[in-house]
file model-v6.csv (CSV, C-alpha atoms and all ligand atoms)
chain,number,residue,atom,x,y,z
M,849,MET,CA,0.0,1.0,-7.6
M,850,THR,CA,3.6,2.3,-7.0
M,851,LYS,CA,3.4,5.6,-5.2
M,852,PRO,CA,5.0,8.6,-7.2
M,853,ARG,CA,7.8,10.4,-5.3
M,854,THR,CA,6.4,12.6,-2.6
M,855,LEU,CA,6.5,16.3,-3.3
M,856,LEU,CA,6.9,18.9,-0.5
M,857,ALA,CA,5.8,22.1,-2.2
M,858,LEU,CA,6.2,25.3,-0.3
M,859,ASN,CA,4.0,28.3,-1.0
M,860,TRP,CA,5.5,31.5,0.4
M,861,LYS,CA,2.6,33.6,-0.8
M,862,MET,CA,3.5,37.3,-0.7
M,863,ASN,CA,6.3,36.9,1.8
M,864,LYS,CA,10.1,37.4,1.6
M,865,THR,CA,12.0,40.0,-0.4
M,866,PRO,CA,14.8,38.8,-2.7
M,867,THR,CA,17.3,39.4,0.1
M,868,GLU,CA,15.3,37.5,2.7
M,869,ALA,CA,14.8,34.7,0.2
M,870,LYS,CA,18.5,34.3,-0.4
M,871,ASN,CA,19.2,34.3,3.4
M,872,TRP,CA,16.5,31.7,3.8
M,873,ALA,CA,18.1,29.6,1.1
M,874,ARG,CA,21.6,29.9,2.7
M,875,GLU,CA,20.1,28.8,6.0
M,876,LEU,CA,18.4,25.9,4.4
M,877,ALA,CA,21.6,24.8,2.6
M,878,GLY,CA,23.3,24.7,6.1
M,879,SER,CA,20.8,22.5,7.7
M,880,PHE,CA,19.1,20.4,5.1
M,881,THR,CA,19.8,16.8,4.2
M,882,ARG,CA,18.0,15.3,1.3
M,883,GLY,CA,15.2,13.0,2.2
M,884,THR,CA,12.9,10.9,0.1
M,885,ALA,CA,10.7,13.9,-0.8
M,886,GLU,CA,11.3,16.3,-3.6
M,887,LEU,CA,11.4,19.8,-2.3
M,888,ALA,CA,10.2,22.8,-4.3
M,889,VAL,CA,9.8,26.4,-3.3
M,890,MET,CA,7.0,28.4,-4.9
M,891,ALA,CA,8.2,31.9,-4.3
M,892,PRO,CA,7.3,35.4,-5.5
M,893,ALA,CA,8.7,35.6,-9.1
M,894,ILE,CA,11.2,38.3,-8.2
M,895,ASP,CA,12.8,35.9,-5.7
M,896,LEU,CA,13.4,33.1,-8.1
M,897,PRO,CA,16.8,34.0,-9.7
M,898,GLY,CA,18.4,34.5,-6.3
M,899,LEU,CA,16.8,31.4,-4.9
M,900,LYS,CA,18.0,29.3,-7.8
M,901,GLU,CA,21.5,30.5,-7.3
M,902,THR,CA,21.5,29.9,-3.5
M,903,LEU,CA,19.4,26.8,-2.9
M,904,PRO,CA,21.0,23.4,-2.4
M,905,GLY,CA,21.2,21.4,-5.7
M,906,GLY,CA,18.2,19.4,-6.5
M,907,VAL,CA,15.7,21.8,-4.7
M,908,ASP,CA,13.2,23.0,-7.4
M,909,VAL,CA,11.6,26.4,-7.6
M,910,GLY,CA,8.3,27.6,-9.1
M,911,GLY,CA,6.0,30.5,-9.4
M,912,GLN,CA,2.7,31.2,-7.7
M,913,ASP,CA,0.7,32.3,-10.7
M,914,ILE,CA,1.1,33.0,-14.4
M,915,SER,CA,-0.6,34.7,-17.2
M,916,PRO,CA,-3.0,32.7,-19.4
M,917,HIS,CA,-1.3,34.4,-22.4
M,918,GLU,CA,2.0,33.5,-24.0
M,919,SER,CA,3.3,37.1,-24.3
M,920,GLY,CA,2.3,40.6,-25.3
M,921,ALA,CA,0.4,43.6,-24.0
M,922,TYR,CA,-0.6,42.3,-20.6
M,923,THR,CA,0.8,44.8,-18.1
M,924,GLY,CA,1.8,43.3,-14.8
M,925,GLU,CA,1.6,39.7,-15.9
M,926,ILE,CA,4.4,37.1,-15.9
M,927,SER,CA,4.6,34.4,-18.6
M,928,ALA,CA,5.5,30.8,-18.4
M,929,ALA,CA,8.6,31.4,-20.5
M,930,MET,CA,9.8,34.1,-18.1
M,931,LEU,CA,9.4,31.7,-15.1
M,932,ARG,CA,11.1,28.9,-17.1
M,933,ASP,CA,14.0,31.2,-18.0
M,934,VAL,CA,14.8,31.8,-14.3
M,935,GLY,CA,14.8,28.1,-13.6
M,936,ALA,CA,11.2,27.4,-12.5
M,937,THR,CA,9.9,23.8,-12.8
M,938,TYR,CA,6.4,24.4,-11.4
M,939,VAL,CA,3.8,27.0,-11.1
M,940,VAL,CA,0.8,27.1,-8.8
M,941,VAL,CA,-2.5,27.9,-10.6
M,942,GLY,CA,-6.0,28.3,-9.1
M,943,HIS,CA,-4.9,28.8,-5.5
M,944,SER,CA,-8.0,29.6,-3.4
M,945,GLU,CA,-6.7,33.0,-2.7
M,946,ARG,CA,-6.5,33.8,-6.4
M,947,ARG,CA,-10.0,32.3,-6.9
M,948,GLU,CA,-11.4,34.4,-4.0
M,949,TYR,CA,-9.6,37.7,-4.2
M,950,HIS,CA,-9.0,37.9,-8.0
M,951,GLY,CA,-12.2,36.2,-9.2
M,952,GLU,CA,-10.4,33.4,-11.0
M,953,THR,CA,-12.8,30.9,-12.6
M,954,ASP,CA,-12.1,27.3,-13.5
M,955,ALA,CA,-11.9,28.3,-17.2
M,956,LEU,CA,-9.2,30.8,-16.4
M,957,VAL,CA,-7.3,28.4,-14.2
M,958,ALA,CA,-7.4,25.8,-17.0
M,959,ALA,CA,-6.1,28.4,-19.5
M,960,LYS,CA,-3.2,29.2,-17.1
M,961,ALA,CA,-2.4,25.5,-16.7
M,962,ARG,CA,-2.4,25.0,-20.5
M,963,GLN,CA,-0.1,27.9,-20.8
M,964,ALA,CA,2.2,26.6,-18.1
M,965,GLN,CA,2.5,23.3,-20.0
M,966,SER,CA,3.2,25.0,-23.3
M,967,GLY,CA,5.9,26.9,-21.6
M,968,GLY,CA,7.6,23.8,-20.2
M,969,LEU,CA,6.3,24.1,-16.6
M,970,THR,CA,4.3,21.6,-14.6
M,971,PRO,CA,1.2,23.3,-13.2
M,972,ILE,CA,0.1,22.6,-9.6
M,973,VAL,CA,-3.6,23.0,-9.9
M,974,CYS,CA,-5.4,23.8,-6.7
M,975,VAL,CA,-9.0,22.7,-5.9
M,976,GLY,CA,-11.0,22.4,-2.7
M,977,GLU,CA,-14.2,23.2,-1.0
M,978,GLY,CA,-15.2,26.0,1.4
M,979,LEU,CA,-16.7,25.4,4.9
M,980,ASP,CA,-20.3,25.7,3.7
M,981,VAL,CA,-19.8,22.9,1.2
M,982,ARG,CA,-18.0,20.7,3.7
M,983,GLU,CA,-20.8,21.2,6.2
M,984,ARG,CA,-23.4,20.1,3.6
M,985,GLY,CA,-21.2,17.0,3.0
M,986,GLU,CA,-20.8,17.9,-0.7
M,987,GLN,CA,-17.0,18.1,-0.8
M,988,VAL,CA,-16.5,15.3,-3.3
M,989,PRO,CA,-18.9,16.5,-6.1
M,990,TYR,CA,-17.9,20.1,-5.5
M,991,THR,CA,-14.2,19.5,-5.7
M,992,LEU,CA,-14.5,17.1,-8.7
M,993,ALA,CA,-16.6,19.7,-10.7
M,994,GLN,CA,-13.9,22.3,-9.9
M,995,LEU,CA,-11.2,19.9,-10.9
M,996,ARG,CA,-12.8,18.9,-14.2
M,997,GLY,CA,-13.3,22.6,-15.1
M,998,SER,CA,-9.8,23.5,-14.1
M,999,LEU,CA,-8.3,20.7,-16.2
M,1000,GLU,CA,-10.2,21.4,-19.4
M,1001,GLY,CA,-7.8,20.8,-22.3
M,1002,VAL,CA,-4.9,20.4,-19.8
M,1003,GLY,CA,-2.4,17.6,-20.5
M,1004,GLU,CA,-1.2,14.9,-18.2
M,1005,ASN,CA,1.9,16.6,-16.9
M,1006,VAL,CA,0.1,18.0,-13.9
M,1007,VAL,CA,0.1,18.0,-10.1
M,1008,VAL,CA,-3.2,18.4,-8.3
M,1009,ALA,CA,-3.3,20.0,-4.8
M,1010,TYR,CA,-6.5,19.3,-2.8
M,1011,GLU,CA,-6.7,22.3,-0.4
M,1012,PRO,CA,-10.0,22.6,1.5
M,1013,VAL,CA,-10.4,26.4,1.9
M,1014,TRP,CA,-11.5,26.0,5.6
M,1015,ALA,CA,-8.1,24.5,6.4
M,1016,ILE,CA,-5.8,27.0,4.7
M,1017,GLY,CA,-4.0,29.3,7.2
M,1018,THR,CA,-6.6,28.5,9.9
M,1019,GLY,CA,-4.7,25.9,11.9
M,1020,ARG,CA,-7.6,23.5,11.2
M,1021,THR,CA,-6.3,20.5,9.3
M,1022,ALA,CA,-8.3,18.0,7.5
M,1023,THR,CA,-7.9,14.5,9.0
M,1024,ALA,CA,-5.7,12.1,7.1
M,1025,ASP,CA,-8.9,10.2,6.3
M,1026,ASP,CA,-10.5,13.4,4.9
M,1027,ALA,CA,-7.4,14.0,2.7
M,1028,GLU,CA,-7.4,10.4,1.5
M,1029,GLU,CA,-11.2,10.5,0.7
M,1030,LEU,CA,-10.6,13.4,-1.7
M,1031,ALA,CA,-7.3,12.1,-3.0
M,1032,VAL,CA,-9.1,8.9,-4.1
M,1033,ALA,CA,-11.9,10.8,-5.8
M,1034,ILE,CA,-9.4,13.1,-7.5
M,1035,ARG,CA,-7.3,10.1,-8.7
M,1036,ASP,CA,-10.4,8.4,-10.1
M,1037,ALA,CA,-11.3,11.6,-12.0
M,1038,LEU,CA,-7.7,11.8,-13.3
M,1039,ARG,CA,-8.0,8.2,-14.5
M,1040,GLU,CA,-11.1,9.2,-16.5
M,1041,LEU,CA,-9.1,12.0,-18.1
M,1042,TYR,CA,-5.7,10.5,-18.6
M,1043,GLY,CA,-6.1,6.7,-18.2
M,1044,ASP,CA,-3.5,4.6,-16.3
M,1045,VAL,CA,-1.0,7.5,-16.3
M,1046,ALA,CA,-3.1,8.9,-13.4
M,1047,ASP,CA,-1.6,6.3,-11.1
M,1048,GLY,CA,1.8,8.1,-11.4
M,1049,LEU,CA,0.5,11.6,-11.0
M,1050,ARG,CA,0.9,13.4,-7.7
M,1051,VAL,CA,-2.1,14.5,-5.7
M,1052,LEU,CA,-1.1,16.8,-2.8
M,1053,TYR,CA,-2.9,17.8,0.3
M,1054,GLY,CA,-2.7,21.4,1.5
M,1055,GLY,CA,-4.2,23.1,4.6
M,1056,SER,CA,-2.3,23.8,7.9
M,1057,VAL,CA,0.3,21.1,7.2
M,1058,LYS,CA,3.3,21.3,9.6
M,1059,PRO,CA,6.1,19.0,10.9
M,1060,ASP,CA,3.9,17.1,13.3
M,1061,ASN,CA,1.1,16.2,10.9
M,1062,ILE,CA,2.8,15.8,7.5
M,1063,ALA,CA,3.9,12.2,7.9
M,1064,SER,CA,0.4,10.8,8.7
M,1065,ILE,CA,-1.2,12.8,5.9
M,1066,CYS,CA,1.5,11.8,3.3
M,1067,ALA,CA,1.3,8.2,4.4
M,1068,GLN,CA,-2.2,7.9,2.9
M,1069,PRO,CA,-2.1,5.7,-0.1
M,1070,ASN,CA,-3.3,8.3,-2.5
M,1071,VAL,CA,-1.7,11.4,-1.0
M,1072,ASN,CA,1.7,12.1,-2.7
M,1073,GLY,CA,2.9,15.2,-0.8
M,1074,ALA,CA,1.8,18.5,0.6
M,1075,LEU,CA,1.4,22.1,-0.4
M,1076,VAL,CA,2.4,24.2,2.6
M,1077,GLY,CA,1.9,27.8,3.3
M,1078,GLY,CA,2.5,29.1,6.8
M,1079,ALA,CA,5.0,26.4,7.8
M,1080,SER,CA,7.1,27.1,4.7
M,1081,LEU,CA,8.4,30.4,5.9
M,1082,LYS,CA,10.8,29.1,8.7
M,1083,VAL,CA,13.7,26.9,7.7
M,1084,ALA,CA,13.4,24.9,10.9
M,1085,ASP,CA,9.8,23.9,10.0
M,1086,VAL,CA,10.8,22.9,6.5
M,1087,VAL,CA,13.7,20.8,7.8
M,1088,GLY,CA,11.2,19.3,10.2
M,1089,MET,CA,8.7,18.4,7.5
M,1090,ASN,CA,11.5,17.1,5.2
M,1091,ASP,CA,12.8,14.9,8.0
M,1092,ALA,CA,9.4,13.7,9.0
M,1093,LEU,CA,9.0,12.3,5.4
M,1094,LYS,CA,12.3,10.4,5.5
F,1,LIG,C1,-1.5,27.3,1.1
F,1,LIG,O1,-1.3,28.5,1.1
F,1,LIG,O2,-1.6,26.7,0.0
F,1,LIG,C2,-1.7,26.6,2.4
F,1,LIG,C3,-2.0,25.4,2.4
F,1,LIG,O3,-1.5,27.4,3.5
F,1,LIG,P1,-1.3,26.9,5.0
F,1,LIG,O4,-0.3,25.8,5.0
F,1,LIG,O5,-0.8,28.1,5.8
F,1,LIG,O6,-2.7,26.4,5.5

call {"tool": "encode", "arguments": {"input": "model-v6.csv", "output": "structure tokens", "more": "lines below"}}
Ligand code: PEP
result
Amino acid sequence: MTKPRTLLALNWKMNKTPTEAKNWARELAGSFTRGTAELAVMAPAIDLPGLKETLPGGVDVGGQDISPHESGAYTGEISAAMLRDVGATYVVVGHSERREYHGETDALVAAKARQAQSGGLTPIVCVGEGLDVRERGEQVPYTLAQLRGSLEGVGENVVVAYEPVWAIGTGRTATADDAEELAVAIRDALRELYGDVADGLRVLYGGSVKPDNIASICAQPNVNGALVGGASLKVADVVGMNDALK
């Protein structure tokens, strides 16, 4: 199996104003040299036009959430077409923070992923177990059930991010073997859904990834990159992660 190109996807969460985002992008442009990984910044939607203007060429941008609807009377929502219009390539859907704080279900996540695809975006669909599930040793069936629900009716232009909730923002990272265990299970499930195309789809790991652990995690045969929260905010860490993947 030829590994798909590694994706280093940054999730800024609710951080950085448009001015701060542009300053970050200028700083990155001054210190970044392209490696083997594709770099994409998932920023607050309002930051995207300035980022797109300022980031070095070839760095992609994306949103952190979208509406499950195409357009219309949905106050406060952002559509796939709006993100696409400001240059987004990707959108994160089903992040554990959206599932936990906004009650997002697998069905809603799937509707968002379908809408992303109809609007020309690649959804990054997040799945992963909480600590209680991990302690019961049920991480594989739990995560696969969540994955199947979140991919209902979703086409093959998709990235999956395995993010164990207990490792997000906690400093507690899954081992490279834990990440690979789930990446293998996820790829098998993707093969059931999409056939051989699944070998070329990207399965990311997310959860306290930083410059000193990214290389060993991404070296796993079925892990094709990382979704990074905390360590995405400082340019030096992003350059460090990008360099570690060279
Ligand atoms: C995330 O927000 O998707 C994430 C993985 O965060 P962190 O890297 O801070 O654990």

call {"tool": "residues_near_ligand", "arguments": {"input": "model-v6.csv", "ligand": "ligand LIG 1 (chain F)", "cutoff": "6 Å", "atoms": "all atoms listed in the file", "output": "tab-separated table (two decimals) with C-alpha atoms, keeping the file's coordinate frame"}}
result
chain	number	residue	atom	x	y	z
M	859	ASN	CA	4.00	28.30	-1.00
M	1015	ALA	CA	-8.10	24.50	6.40
M	1016	ILE	CA	-5.80	27.00	4.70
M	1017	GLY	CA	-4.00	29.30	7.20
M	1054	GLY	CA	-2.70	21.40	1.50
M	1055	GLY	CA	-4.20	23.10	4.60
M	1056	SER	CA	-2.30	23.80	7.90
M	1057	VAL	CA	0.30	21.10	7.20
M	1075	LEU	CA	1.40	22.10	-0.40
M	1076	VAL	CA	2.40	24.20	2.60
M	1077	GLY	CA	1.90	27.80	3.30
M	1078	GLY	CA	2.50	29.10	6.80

call {"tool": "residues_around", "arguments": {"input": "model-v6.csv", "residues": "region 926-939 of chain M", "least_positions_apart": "5", "cutoff": "10 Å", "atoms": "only C-alpha atoms", "output": "ChimeraX atom specification"}}
result
/M:857,888-891,893-901,908-920,960-961,963-973,1006-1007

call {"tool": "closest_residue", "arguments": {"input": "model-v6.csv", "among": "M:Leu999, M:Glu1040, M:Asp1025, M:Thr1018", "to": "Cys1066 (chain M)", "atoms": "all atoms listed in the file"}}
result
M:Asp1025

call {"tool": "closest_residue", "arguments": {"input": "model-v6.csv", "among": "M:Leu1030, M:Val1008, M:Val1086, M:Ala1074", "to": "Leu1049 (chain M)", "atoms": "only C-alpha atoms"}}
result
M:Val1008

call {"tool": "closest_residue", "arguments": {"input": "model-v6.csv", "among": "M:Val981, M:Leu887, M:Ala993, M:Leu1093", "to": "Asp954 (chain M)", "atoms": "all atoms listed in the file"}}
result
M:Ala993

call {"tool": "atom_distance", "arguments": {"input": "model-v6.csv", "atom1": "CA of Val1013 (chain M)", "atom2": "CA of Gly976 (chain M)"}}
result
6.1 Å

call {"tool": "atom_distance", "arguments": {"input": "model-v6.csv", "atom1": "CA of Val1051 (chain M)", "atom2": "CA of Ala869 (chain M)"}}
result
27.0 Å

call {"tool": "residues_near_point", "arguments": {"input": "model-v6.csv", "point": "(-15.6, 27.6, 3.3)", "cutoff": "8 Å", "atoms": "all atoms listed in the file", "output": "mmCIF file with C-alpha atoms, in the coordinates of the input"}}
result
data_model
loop_
_atom_site.group_PDB
_atom_site.id
_atom_site.type_symbol
_atom_site.label_atom_id
_atom_site.label_comp_id
_atom_site.auth_asym_id
_atom_site.auth_seq_id
_atom_site.Cartn_x
_atom_site.Cartn_y
_atom_site.Cartn_z
ATOM 1 C CA GLU M 977 -14.200 23.200 -1.000
ATOM 2 C CA GLY M 978 -15.200 26.000 1.400
ATOM 3 C CA LEU M 979 -16.700 25.400 4.900
ATOM 4 C CA ASP M 980 -20.300 25.700 3.700
ATOM 5 C CA VAL M 981 -19.800 22.900 1.200
ATOM 6 C CA ARG M 982 -18.000 20.700 3.700
ATOM 7 C CA PRO M 1012 -10.000 22.600 1.500
ATOM 8 C CA VAL M 1013 -10.400 26.400 1.900
ATOM 9 C CA TRP M 1014 -11.500 26.000 5.600
#

call {"tool": "atom_distance", "arguments": {"input": "model-v6.csv", "atom1": "CA of Thr1023 (chain M)", "atom2": "CA of Ile1065 (chain M)"}}
result
7.6 Å

call {"tool": "closest_residue", "arguments": {"input": "model-v6.csv", "among": "M:Glu1028, M:Ala1067, M:Tyr990, M:Glu1004", "to": "Asp1044 (chain M)", "atoms": "only C-alpha atoms"}}
result
M:Glu1004

call {"tool": "closest_residue", "arguments": {"input": "model-v6.csv", "among": "M:Arg1039, M:Arg874, M:His950, M:Arg853", "to": "Arg996 (chain M)", "atoms": "only C-alpha atoms"}}
result
M:Arg1039

call {"tool": "closest_residue", "arguments": {"input": "model-v6.csv", "among": "M:Val941, M:Val907, M:Ala1022, M:Leu1052", "to": "Pro852 (chain M)", "atoms": "all atoms listed in the file"}}
result
M:Leu1052

call {"tool": "residues_around", "arguments": {"input": "model-v6.csv", "residues": "Lys1058 (chain M)", "least_positions_apart": "5", "cutoff": "8 Å", "atoms": "all atoms listed in the file", "output": "VMD selection string"}}
result
chain M and resid 1076 1079 1085 1089

call {"tool": "build_atoms", "arguments": {"input": "model-v6.csv", "residues": "region 1037-1063 of chain M", "atoms": "N, CA, C and O atoms", "output": "compact mmCIF listing (two decimals), keeping the file's coordinate frame"}}
result
# COMPACT_ATOMS: atom_id res chain seq x y z
N ALA M 1037 -10.94 10.65 -10.94
CA ALA M 1037 -11.30 11.60 -12.00
C ALA M 1037 -10.07 11.77 -12.95
O ALA M 1037 -10.25 11.89 -14.17
N LEU M 1038 -8.85 11.72 -12.41
CA LEU M 1038 -7.70 11.80 -13.30
C LEU M 1038 -7.55 10.60 -14.18
O LEU M 1038 -7.15 10.69 -15.34
N ARG M 1039 -7.97 9.44 -13.66
CA ARG M 1039 -8.00 8.20 -14.50
C ARG M 1039 -8.93 8.35 -15.64
O ARG M 1039 -8.63 7.92 -16.75
N GLU M 1040 -10.10 8.97 -15.36
CA GLU M 1040 -11.10 9.20 -16.50
C GLU M 1040 -10.46 10.07 -17.54
O GLU M 1040 -10.69 9.90 -18.72
N LEU M 1041 -9.66 11.06 -17.10
CA LEU M 1041 -9.10 12.00 -18.10
C LEU M 1041 -7.86 11.47 -18.77
O LEU M 1041 -7.68 11.70 -19.96
N TYR M 1042 -7.00 10.79 -18.02
CA TYR M 1042 -5.70 10.50 -18.60
C TYR M 1042 -5.37 8.97 -18.63
O TYR M 1042 -4.28 8.58 -19.00
N GLY M 1043 -6.32 8.14 -18.19
CA GLY M 1043 -6.10 6.70 -18.20
C GLY M 1043 -5.11 6.29 -17.09
O GLY M 1043 -5.00 6.97 -16.07
N ASP M 1044 -4.37 5.20 -17.34
CA ASP M 1044 -3.50 4.60 -16.30
C ASP M 1044 -2.39 5.53 -15.83
O ASP M 1044 -1.86 5.36 -14.73
N VAL M 1045 -2.04 6.51 -16.66
CA VAL M 1045 -1.00 7.50 -16.30
C VAL M 1045 -1.35 8.12 -14.94
O VAL M 1045 -0.46 8.52 -14.17
N ALA M 1046 -2.64 8.20 -14.65
CA ALA M 1046 -3.10 8.90 -13.40
C ALA M 1046 -2.49 8.24 -12.17
O ALA M 1046 -2.31 8.93 -11.16
N ASP M 1047 -2.14 6.96 -12.23
CA ASP M 1047 -1.60 6.30 -11.10
C ASP M 1047 -0.20 6.91 -10.69
O ASP M 1047 0.22 6.85 -9.55
N GLY M 1048 0.47 7.49 -11.68
CA GLY M 1048 1.80 8.10 -11.40
C GLY M 1048 1.75 9.57 -11.19
O GLY M 1048 2.79 10.20 -11.00
N LEU M 1049 0.55 10.16 -11.23
CA LEU M 1049 0.50 11.60 -11.00
C LEU M 1049 0.37 11.92 -9.52
O LEU M 1049 -0.15 11.12 -8.74
N ARG M 1050 0.84 13.12 -9.16
CA ARG M 1050 0.90 13.40 -7.70
C ARG M 1050 -0.37 14.25 -7.32
O ARG M 1050 -0.71 15.25 -7.95
N VAL M 1051 -1.00 13.77 -6.27
CA VAL M 1051 -2.10 14.50 -5.70
C VAL M 1051 -1.63 14.92 -4.27
O VAL M 1051 -1.27 14.08 -3.44
N LEU M 1052 -1.57 16.23 -4.08
CA LEU M 1052 -1.10 16.80 -2.80
C LEU M 1052 -2.24 17.14 -1.91
O LEU M 1052 -3.34 17.39 -2.39
N TYR M 1053 -1.97 17.26 -0.62
CA TYR M 1053 -2.90 17.80 0.30
C TYR M 1053 -2.34 19.17 0.81
O TYR M 1053 -1.12 19.26 1.06
N GLY M 1054 -3.17 20.18 0.96
CA GLY M 1054 -2.70 21.40 1.50
C GLY M 1054 -3.74 21.97 2.51
O GLY M 1054 -4.95 21.89 2.27
N GLY M 1055 -3.26 22.55 3.62
CA GLY M 1055 -4.20 23.10 4.60
C GLY M 1055 -3.59 22.89 6.01
O GLY M 1055 -3.78 21.81 6.57
N SER M 1056 -2.83 23.89 6.52
CA SER M 1056 -2.30 23.80 7.90
C SER M 1056 -1.39 22.59 8.11
O SER M 1056 -1.40 22.01 9.19
N VAL M 1057 -0.63 22.22 7.08
CA VAL M 1057 0.30 21.10 7.20
C VAL M 1057 1.55 21.68 7.98
O VAL M 1057 1.99 22.81 7.75
N LYS M 1058 2.10 20.88 8.88
CA LYS M 1058 3.30 21.30 9.60
C LYS M 1058 4.09 20.03 10.00
O LYS M 1058 3.67 18.91 9.65
N PRO M 1059 5.26 20.21 10.68
CA PRO M 1059 6.10 19.00 10.90
C PRO M 1059 5.39 17.91 11.65
O PRO M 1059 5.66 16.75 11.39
N ASP M 1060 4.45 18.24 12.56
CA ASP M 1060 3.90 17.10 13.30
C ASP M 1060 2.67 16.46 12.69
O ASP M 1060 2.17 15.48 13.24
N ASN M 1061 2.19 16.95 11.56
CA ASN M 1061 1.10 16.20 10.90
C ASN M 1061 1.40 15.73 9.51
O ASN M 1061 0.62 15.00 8.91
N ILE M 1062 2.54 16.14 8.97
CA ILE M 1062 2.80 15.80 7.50
C ILE M 1062 2.95 14.33 7.29
O ILE M 1062 2.47 13.83 6.27
N ALA M 1063 3.58 13.63 8.21
CA ALA M 1063 3.90 12.20 7.90
C ALA M 1063 2.59 11.40 7.83
O ALA M 1063 2.42 10.60 6.90
